[in-house]
Amino acid sequence: MSEALINEKILAWAVNRADMPLDAVAKKVPVKPERLAEWLEGIERPTFRQAKSLSSVLHIPFGYLFLKEPPEEELPIPDLRTVGSDPSKRLDANFKDLLNDILFKRDWFKDYLIAYDDPKLAFVSRFSKDADPEMVAADIRKTLYGTSGEPTTANWETHLRMLIGKAEDAGIWVIRNGIVGSNTHRPLSVSQFRGFAISDPLVPLIFINGRDAKAAQIFTLAHELAHIWIGTSGVSNVFIGESDYGVSRAIEQKCNQIAAEFLVPKDGFASRWDHESSVISNTDRLARIYKVSRIVIARRAFDLGLIDESHYKSFYAFESAGWEEAKADSESGGSFYNNLPLRNGIRFTNAVMTQAMSGRLLLKHAATLLNTQPATLMAFHNKTRAAQ
């Protein structure tokens, strides 16, 4: 069988980009690791079938393997994370493919909204980067809740779902997913990013990494809302457990201030904090009042000087100890049909399904937009109709 004259330097770049161990790549091709090592050194060449398998495993177009130099892969939105010089923290192929998929969807969604004369949203970029966090937070609350004020919710988890719904109602496209599209074999890394925002006046978008603990997702949502309001796009990785939130950029610090004020307004919080009670007792009580997780309450208390860093660190360690188990439980189940709108955004999913069912969009194109198959879309449509 004829050899594929691939460029071994491109193969090495692709393996490094995919951030996969060599034995894992070899197993998926499949070949022995020693054979893969020979390809990487240029001693031997793969067959065309093996080269196509490599491109699939490494998530690159087949033609890339024959390039003279690796292609430039500049991010279309700013990377606002604080990662220093650690190469292991670079954004991997899963993130890049996720972002490309979302931008592909956004192009369709923007054309759809323009066709239906959806106006630009006035709240996008309403404030400058130097705006008072309390003013921005108040405007977010007014925009999402209206004159009737914040709705009553039973707990912080339903509060998070309510916030996502309110953001979608206001015109913000919110996606919460822990994998690339619908591919359960391509999980997103929380150590790399927790969310990102695209501050577009017509299609403002917020992505929440669904692999993150739910207790932390509500702060990520609020942080990305702040990005929309001050008109800055970017990838974020806020570590709520770090004293500085793990960020050094001024824009990220500003968004953290806005997020904290939006979720837990400073006015009245200090008077509700009982210095005679424990941190656990205070966070239990105030979490019920503000409808956020206990860790967000503790974080707010630390930021406002009501508890010191050692108490906060201890509380964070106590709380986060149970997150992994709870996260594993939540990821192990769930209906695909319930997850579909969450993984793609409620408004976007409804728009695609409306166009497909009306015949204005081919079913196969609709399936591509929603990362599924035409038959699955029809089943989703039938289940949705039956539930109405």
# chains A, B, ... in the order shown; residues from 1 in each chain; ligands from 1

call {"tool": "select_by_dssp", "arguments": {"residues": "stretch 275-310 of chain A", "states": "alpha helix (DSSP H)", "output": "number ranges by chain"}}
result
A: 279-290, 294-303, 309-310

call {"tool": "residues_around", "arguments": {"residues": "stretch 239-253 of chain A", "least_positions_apart": "2", "cutoff": "6 Å", "atoms": "only C-alpha atoms", "output": "count of residues only"}}
result
3

call {"tool": "residues_around", "arguments": {"residues": "stretch 52-57 of chain A", "least_positions_apart": "3", "cutoff": "9 Å", "atoms": "only C-alpha atoms", "output": "MDAnalysis selection string"}}
result
chainID A and resid 11 14 18 25:26 28:30 47:49 60:65

call {"tool": "closest_residue", "arguments": {"among": "A:Asp284, A:Asp274, A:Asp130, A:Glu309", "to": "A:Ile230", "atoms": "only C-alpha atoms"}}
result
A:Asp130

call {"tool": "closest_atom_pairs", "arguments": {"of": "stretch 12-111 of chain A", "to": "stretch 180-192 of chain A", "cutoff": "10 Å", "atoms": "only C-alpha atoms", "output": "Markdown table"}}
result
| residue | atom | partner | partner_atom | distance |
| --- | --- | --- | --- | --- |
| A:Arg81 | CA | A:Gln192 | CA | 8.5 |
| A:Val83 | CA | A:Gln192 | CA | 8.8 |
| A:Ser88 | CA | A:Gln192 | CA | 8.9 |
| A:Lys89 | CA | A:Gln192 | CA | 5.8 |
| A:Arg90 | CA | A:Gln192 | CA | 7.2 |
| A:Leu91 | CA | A:Gln192 | CA | 6.4 |
| A:Asp92 | CA | A:Gln192 | CA | 8.3 |
| A:Ala93 | CA | A:Arg186 | CA | 9.6 |
| A:Asn94 | CA | A:Val180 | CA | 6.4 |
| A:Phe95 | CA | A:Leu188 | CA | 6.8 |
| A:Lys96 | CA | A:Val180 | CA | 9.5 |
| A:Asp97 | CA | A:Val180 | CA | 7.2 |
| A:Leu98 | CA | A:Val180 | CA | 5.3 |
| A:Leu99 | CA | A:Val180 | CA | 9.0 |
| A:Asp101 | CA | A:Gly181 | CA | 7.6 |
| A:Ile102 | CA | A:Gly181 | CA | 8.8 |

call {"tool": "write_last_selection", "arguments": {"atoms": "N, CA and C atoms", "output": "tab-separated table (two decimals), in the first residue's frame"}}
result
chain	number	residue	atom	x	y	z
A	81	ARG	N	-7.10	34.72	30.46
A	81	ARG	CA	-6.69	33.92	31.60
A	81	ARG	C	-5.29	34.34	32.07
A	83	VAL	N	-2.16	32.52	32.99
A	83	VAL	CA	-1.56	31.19	32.94
A	83	VAL	C	-0.04	31.23	33.00
A	88	SER	N	1.37	23.73	29.72
A	88	SER	CA	0.28	22.79	29.93
A	88	SER	C	-1.06	23.50	30.06
A	89	LYS	N	-1.04	24.81	30.25
A	89	LYS	CA	-2.27	25.56	30.41
A	89	LYS	C	-2.75	26.20	29.11
A	90	ARG	N	-2.05	25.92	28.01
A	90	ARG	CA	-2.50	26.49	26.74
A	90	ARG	C	-3.86	25.90	26.38
A	91	LEU	N	-4.62	26.64	25.63
A	91	LEU	CA	-5.93	26.17	25.22
A	91	LEU	C	-5.76	25.04	24.21
A	92	ASP	N	-6.37	23.91	24.49
A	92	ASP	CA	-6.13	22.72	23.70
A	92	ASP	C	-7.05	22.62	22.49
A	93	ALA	N	-6.91	21.50	21.77
A	93	ALA	CA	-7.69	21.29	20.55
A	93	ALA	C	-9.18	21.21	20.84
A	94	ASN	N	-9.54	20.66	21.99
A	94	ASN	CA	-10.96	20.57	22.34
A	94	ASN	C	-11.58	21.97	22.45
A	95	PHE	N	-10.87	22.87	23.13
A	95	PHE	CA	-11.41	24.23	23.25
A	95	PHE	C	-11.48	24.91	21.88
A	96	LYS	N	-10.43	24.78	21.10
A	96	LYS	CA	-10.40	25.46	19.80
A	96	LYS	C	-11.50	24.94	18.88
A	97	ASP	N	-11.71	23.64	18.89
A	97	ASP	CA	-12.77	23.07	18.05
A	97	ASP	C	-14.15	23.47	18.58
A	98	LEU	N	-14.29	23.54	19.89
A	98	LEU	CA	-15.54	24.01	20.49
A	98	LEU	C	-15.83	25.44	20.03
A	99	LEU	N	-14.84	26.32	20.13
A	99	LEU	CA	-15.03	27.71	19.76
A	99	LEU	C	-15.35	27.85	18.28
A	101	ASP	N	-16.81	25.66	16.40
A	101	ASP	CA	-18.17	25.15	16.21
A	101	ASP	C	-19.20	26.21	16.61
A	102	ILE	N	-18.94	26.89	17.72
A	102	ILE	CA	-19.88	27.91	18.18
A	102	ILE	C	-19.89	29.11	17.24

call {"tool": "residues_around", "arguments": {"residues": "A:Phe123", "least_positions_apart": "3", "cutoff": "12 Å", "atoms": "only C-alpha atoms", "output": "PyMOL selection string"}}
result
chain A and resi 119-120+126-128+136-137+139-144+167+170-172+199-204+225-231

call {"tool": "atom_distance", "arguments": {"atom1": "atom CA of A:Glu74", "atom2": "atom CA of A:Gly234"}}
result
13.0 Å

call {"tool": "residues_around", "arguments": {"residues": "A:Lys266", "least_positions_apart": "4", "cutoff": "9 Å", "atoms": "only C-alpha atoms", "output": "mmCIF file with C-alpha atoms, in the first residue's frame"}}
result
data_model
loop_
_atom_site.group_PDB
_atom_site.id
_atom_site.type_symbol
_atom_site.label_atom_id
_atom_site.label_comp_id
_atom_site.auth_asym_id
_atom_site.auth_seq_id
_atom_site.Cartn_x
_atom_site.Cartn_y
_atom_site.Cartn_z
ATOM 1 C CA GLU A 134 -22.398 48.803 41.601
ATOM 2 C CA ALA A 260 -20.047 39.689 43.143
ATOM 3 C CA GLU A 261 -22.162 42.844 43.431
ATOM 4 C CA ALA A 270 -22.582 43.141 56.270
ATOM 5 C CA ARG A 300 -18.341 37.791 49.355
ATOM 6 C CA LEU A 304 -15.742 42.572 52.214
#

call {"tool": "closest_residue", "arguments": {"among": "A:Gly149, A:Gly195, A:Pro46, A:Pro78", "to": "A:Gly210", "atoms": "only C-alpha atoms"}}
result
A:Gly195

call {"tool": "decode", "arguments": {"residues": "stretch 131-152 of chain A", "atoms": "N, CA and C atoms", "output": "CSV table (one decimal), in the first residue's frame"}}
result
chain,number,residue,atom,x,y,z
A,131,ALA,N,-16.4,51.8,34.6
A,131,ALA,CA,-17.6,52.1,35.3
A,131,ALA,C,-17.7,51.6,36.7
A,132,ASP,N,-18.5,52.2,37.5
A,132,ASP,CA,-18.7,51.7,38.9
A,132,ASP,C,-19.3,50.3,38.9
A,133,PRO,N,-18.7,49.3,39.5
A,133,PRO,CA,-19.3,48.0,39.6
A,133,PRO,C,-20.7,48.0,40.1
A,134,GLU,N,-21.0,48.8,41.0
A,134,GLU,CA,-22.4,48.8,41.6
A,134,GLU,C,-23.4,49.3,40.6
A,135,MET,N,-23.0,50.3,39.8
A,135,MET,CA,-23.9,50.8,38.7
A,135,MET,C,-24.2,49.7,37.6
A,136,VAL,N,-23.1,49.0,37.3
A,136,VAL,CA,-23.2,48.0,36.2
A,136,VAL,C,-24.1,46.9,36.7
A,137,ALA,N,-23.8,46.4,38.0
A,137,ALA,CA,-24.6,45.3,38.6
A,137,ALA,C,-26.1,45.7,38.7
A,138,ALA,N,-26.4,46.9,39.1
A,138,ALA,CA,-27.7,47.4,39.2
A,138,ALA,C,-28.4,47.3,37.8
A,139,ASP,N,-27.7,47.7,36.8
A,139,ASP,CA,-28.3,47.7,35.4
A,139,ASP,C,-28.5,46.3,34.9
A,140,ILE,N,-27.7,45.4,35.3
A,140,ILE,CA,-27.9,44.0,34.9
A,140,ILE,C,-29.1,43.5,35.6
A,141,ARG,N,-29.3,43.7,36.8
A,141,ARG,CA,-30.5,43.3,37.6
A,141,ARG,C,-31.8,43.9,36.9
A,142,LYS,N,-31.7,45.2,36.6
A,142,LYS,CA,-32.9,45.9,36.0
A,142,LYS,C,-33.2,45.3,34.7
A,143,THR,N,-32.2,45.0,33.9
A,143,THR,CA,-32.4,44.4,32.5
A,143,THR,C,-33.0,43.0,32.6
A,144,LEU,N,-32.5,42.2,33.5
A,144,LEU,CA,-32.9,40.8,33.6
A,144,LEU,C,-34.2,40.6,34.3
A,145,TYR,N,-34.4,41.4,35.4
A,145,TYR,CA,-35.6,41.2,36.2
A,145,TYR,C,-36.7,42.2,35.9
A,146,GLY,N,-36.4,43.3,35.3
A,146,GLY,CA,-37.5,44.3,35.0
A,146,GLY,C,-37.9,45.1,36.3
A,147,THR,N,-39.0,45.7,36.2
A,147,THR,CA,-39.5,46.5,37.3
A,147,THR,C,-40.1,45.7,38.5
A,148,SER,N,-40.4,44.4,38.2
A,148,SER,CA,-41.0,43.5,39.2
A,148,SER,C,-39.9,43.0,40.2
A,149,GLY,N,-38.7,43.2,39.8
A,149,GLY,CA,-37.6,42.7,40.7
A,149,GLY,C,-37.2,41.3,40.6
A,150,GLU,N,-36.3,40.8,41.4
A,150,GLU,CA,-35.8,39.5,41.3
A,150,GLU,C,-36.9,38.5,41.7
A,151,PRO,N,-37.1,37.4,40.8
A,151,PRO,CA,-38.1,36.4,41.2
A,151,PRO,C,-37.7,35.6,42.4
A,152,THR,N,-38.6,35.0,43.0
A,152,THR,CA,-38.4,34.1,44.2
A,152,THR,C,-38.1,32.7,43.6
